[in-house]
Structure formats: structure tokens, C-alpha cells
Amino acid sequence: MKFKNEKLKNILTTILLLAFGAAVLGFFYVPQKIEEYQCNQFAKPLFSHPLPENSYSVQASSVRDDNGGTTAAAIIGTQLTEEELYEFYADTEYAPAKEGEVVELNVKALDEDSVKVLRDAGKYRSEDKYYFVYIYSSKAE
């Protein structure tokens, strides 16, 4: 295309570059933000659940795995047993991340490597026990 007006050519080039940039951004950025939003929505009931008395949250995060399942997990420091912690969090109904999926609540004691990471980070209290409290949403098997 031949342009007589150099200014018009520069404007059209700029518009095309902006459109291309927006398309690339939309292709990569928007799906990531949608997934992040969906993970956060799934995690909200777990993360907003009150903590047991004399317990505290060390860390919480949510993520979608390679199989399409979604996990929301919190590390809880507490005096409760694994069974007591499970009962405490089982009082809430956790909606699946996607329609047609089922949600499973789990509580697992941290392994020694994870406890070492807490110690190294200065977040370990010797008087407490530490557990992963997590929900997992996936297709029914």
C-alpha cells in the first residue's frame, strides 16, 4: 500500500501495532486472569472460614493442576488433632470449581521437609502442630 500522507501512514501503523499488542495480551493474559479468578472463587469458602481457637494460618494459596483439578490449601498451626481439624472444616459445603466436579476436603500433617521449611522461614512454633487443610475439585471418577 502506498501512502501519500506520511502522517496517516504512521497513525495506521500505530493502530495496527496496538491492535496486535492487544490481541497478544488478550491471548495470554486474559485466560490466566480468568483462571486466577476461578481459583480464588473456589478457595473463598476455605480461606474465609474462621480459624479454630488458638490456631493461625501460616500460608494459603489456590492453583489449577495439569489435569484440570483445582486445589485450595492452607497451612494451619494449631493445638488440634488432624481429626478435630477435619471436623472443624467439614461444617462448610464447598462448591466445585467447575460444574460437574466433586469436592474433597482433606487434612494432612506436614511432613518433616515442610516443617523444616517453616523453621527456616521463622514461622515454626514448637508448641503447635502443622497441617495442610485443603479442598480439591475434580471430575468424579
# chains A, B, ... in the order shown; residues from 1 in each chain; ligands from 1
call {"tool": "residues_around", "arguments": {"residues": "A:Tyr130", "least_positions_apart": "2", "cutoff": "7 Å", "atoms": "only C-alpha atoms", "output": "VMD selection string"}}
result
chain A and resid 75 to 78 109 to 110 128
call {"tool": "residues_around", "arguments": {"residues": "A:Asp91", "least_positions_apart": "5", "cutoff": "12 Å", "atoms": "only C-alpha atoms", "output": "mmCIF file with C-alpha atoms, in the first residue's frame"}}
result
data_model
loop_
_atom_site.group_PDB
_atom_site.id
_atom_site.type_symbol
_atom_site.label_atom_id
_atom_site.label_comp_id
_atom_site.auth_asym_id
_atom_site.auth_seq_id
_atom_site.Cartn_x
_atom_site.Cartn_y
_atom_site.Cartn_z
ATOM 1 C CA PRO A 45 -15.104 -20.567 51.440
ATOM 2 C CA LEU A 46 -11.982 -22.276 52.800
ATOM 3 C CA HIS A 49 -13.680 -19.942 57.164
ATOM 4 C CA PRO A 50 -12.947 -18.813 60.739
ATOM 5 C CA GLU A 84 -10.569 -32.334 65.121
ATOM 6 C CA LEU A 85 -9.335 -30.015 62.393
ATOM 7 C CA TYR A 86 -11.170 -32.060 59.743
ATOM 8 C CA LEU A 105 -11.856 -31.928 51.915
#
call {"tool": "select_by_dssp", "arguments": {"residues": "stretch 72-124 of chain A", "states": "strand (DSSP E)", "output": "ChimeraX atom specification"}}
result
/A:72-78,101-109
call {"tool": "closest_residue", "arguments": {"among": "A:Asn5, A:Gln38, A:Ser48, A:Thr13", "to": "A:Gly69", "atoms": "only C-alpha atoms"}}
result
A:Gln38
call {"tool": "closest_residue", "arguments": {"among": "A:Asn106, A:Ser137, A:Asn10, A:Ser114", "to": "A:Arg64", "atoms": "only C-alpha atoms"}}
result
A:Ser137
call {"tool": "select_by_dssp", "arguments": {"residues": "chain A", "states": "alpha helix (DSSP H)", "output": "PDB file with C-alpha atoms, in the first residue's frame"}}
result
ATOM      1  CA  GLU A   6       3.279  10.096   5.871  1.00  0.00           C
ATOM      2  CA  LYS A   7       1.333  11.169   8.976  1.00  0.00           C
ATOM      3  CA  LEU A   8      -1.621   8.918   8.012  1.00  0.00           C
ATOM      4  CA  LYS A   9       0.789   6.025   7.435  1.00  0.00           C
ATOM      5  CA  ASN A  10       2.277   6.487  10.922  1.00  0.00           C
ATOM      6  CA  ILE A  11      -1.176   6.622  12.526  1.00  0.00           C
ATOM      7  CA  LEU A  12      -2.321   3.429  10.765  1.00  0.00           C
ATOM      8  CA  THR A  13       0.931   1.664  11.686  1.00  0.00           C
ATOM      9  CA  THR A  14       0.462   2.662  15.323  1.00  0.00           C
ATOM     10  CA  ILE A  15      -3.158   1.457  15.321  1.00  0.00           C
ATOM     11  CA  LEU A  16      -2.133  -1.888  13.799  1.00  0.00           C
ATOM     12  CA  LEU A  17       0.651  -2.351  16.354  1.00  0.00           C
ATOM     13  CA  LEU A  18      -1.689  -1.518  19.216  1.00  0.00           C
ATOM     14  CA  ALA A  19      -4.318  -3.932  17.884  1.00  0.00           C
ATOM     15  CA  PHE A  20      -1.703  -6.662  17.532  1.00  0.00           C
ATOM     16  CA  GLY A  21      -0.390  -5.989  21.043  1.00  0.00           C
ATOM     17  CA  ALA A  22      -3.908  -6.108  22.482  1.00  0.00           C
ATOM     18  CA  ALA A  23      -4.586  -9.414  20.703  1.00  0.00           C
ATOM     19  CA  VAL A  24      -1.374 -10.965  22.044  1.00  0.00           C
ATOM     20  CA  LEU A  25      -2.066  -9.630  25.522  1.00  0.00           C
ATOM     21  CA  GLY A  26      -5.618 -10.950  25.402  1.00  0.00           C
ATOM     22  CA  PHE A  27      -4.450 -14.347  24.205  1.00  0.00           C
ATOM     23  CA  PHE A  28      -2.011 -14.847  27.097  1.00  0.00           C
ATOM     24  CA  TYR A  29      -3.054 -12.519  29.892  1.00  0.00           C
ATOM     25  CA  VAL A  30      -6.838 -12.788  29.929  1.00  0.00           C
ATOM     26  CA  PRO A  31      -7.046 -16.611  30.234  1.00  0.00           C
ATOM     27  CA  GLN A  32      -4.500 -16.503  33.053  1.00  0.00           C
ATOM     28  CA  LYS A  33      -6.522 -13.864  34.914  1.00  0.00           C
ATOM     29  CA  ILE A  34      -9.757 -15.824  34.380  1.00  0.00           C
ATOM     30  CA  GLU A  35      -8.128 -18.961  35.809  1.00  0.00           C
ATOM     31  CA  GLU A  36      -6.758 -16.981  38.751  1.00  0.00           C
ATOM     32  CA  TYR A  37     -10.223 -15.536  39.426  1.00  0.00           C
ATOM     33  CA  GLN A  38     -11.840 -19.004  39.251  1.00  0.00           C
ATOM     34  CA  CYS A  39      -9.246 -20.441  41.643  1.00  0.00           C
ATOM     35  CA  ASN A  40      -9.813 -17.586  44.089  1.00  0.00           C
ATOM     36  CA  GLN A  41     -13.597 -18.012  43.921  1.00  0.00           C
ATOM     37  CA  PHE A  42     -13.234 -21.735  44.611  1.00  0.00           C
ATOM     38  CA  ALA A  43     -10.890 -21.044  47.545  1.00  0.00           C
ATOM     39  CA  LYS A  44     -13.005 -18.314  49.128  1.00  0.00           C
ATOM     40  CA  PRO A  45     -15.104 -20.567  51.440  1.00  0.00           C
ATOM     41  CA  LEU A  46     -11.982 -22.276  52.800  1.00  0.00           C
ATOM     42  CA  PHE A  47      -9.917 -19.115  53.177  1.00  0.00           C
ATOM     43  CA  GLU A  82      -5.954 -33.963  62.487  1.00  0.00           C
ATOM     44  CA  GLU A  83      -9.424 -35.395  63.149  1.00  0.00           C
ATOM     45  CA  GLU A  84     -10.569 -32.334  65.121  1.00  0.00           C
ATOM     46  CA  LEU A  85      -9.335 -30.015  62.393  1.00  0.00           C
ATOM     47  CA  TYR A  86     -11.170 -32.060  59.743  1.00  0.00           C
ATOM     48  CA  GLU A  87     -14.409 -31.901  61.750  1.00  0.00           C
ATOM     49  CA  PHE A  88     -13.967 -28.163  62.221  1.00  0.00           C
ATOM     50  CA  TYR A  89     -13.682 -27.510  58.470  1.00  0.00           C
ATOM     51  CA  GLU A 112       9.376 -33.206  58.088  1.00  0.00           C
ATOM     52  CA  ASP A 113      10.637 -31.380  54.989  1.00  0.00           C
ATOM     53  CA  SER A 114       7.729 -28.939  55.148  1.00  0.00           C
ATOM     54  CA  VAL A 115       8.243 -28.390  58.871  1.00  0.00           C
ATOM     55  CA  LYS A 116      11.928 -27.671  58.159  1.00  0.00           C
ATOM     56  CA  VAL A 117      10.877 -25.006  55.641  1.00  0.00           C
ATOM     57  CA  LEU A 118       8.686 -23.414  58.336  1.00  0.00           C
ATOM     58  CA  ARG A 119      11.603 -23.472  60.770  1.00  0.00           C
ATOM     59  CA  ASP A 120      13.955 -21.930  58.207  1.00  0.00           C
ATOM     60  CA  ALA A 121      11.381 -19.204  57.468  1.00  0.00           C
TER      61      ALA A 121
END
call {"tool": "atom_distance", "arguments": {"atom1": "atom CA of A:Ala72", "atom2": "atom CA of A:Glu53"}}
result
21.4 Å
call {"tool": "atom_distance", "arguments": {"atom1": "atom CA of A:Arg125", "atom2": "atom CA of A:Ala90"}}
result
25.6 Å
call {"tool": "atom_distance", "arguments": {"atom1": "atom CA of A:Glu104", "atom2": "atom CA of A:Tyr131"}}
result
16.0 Å
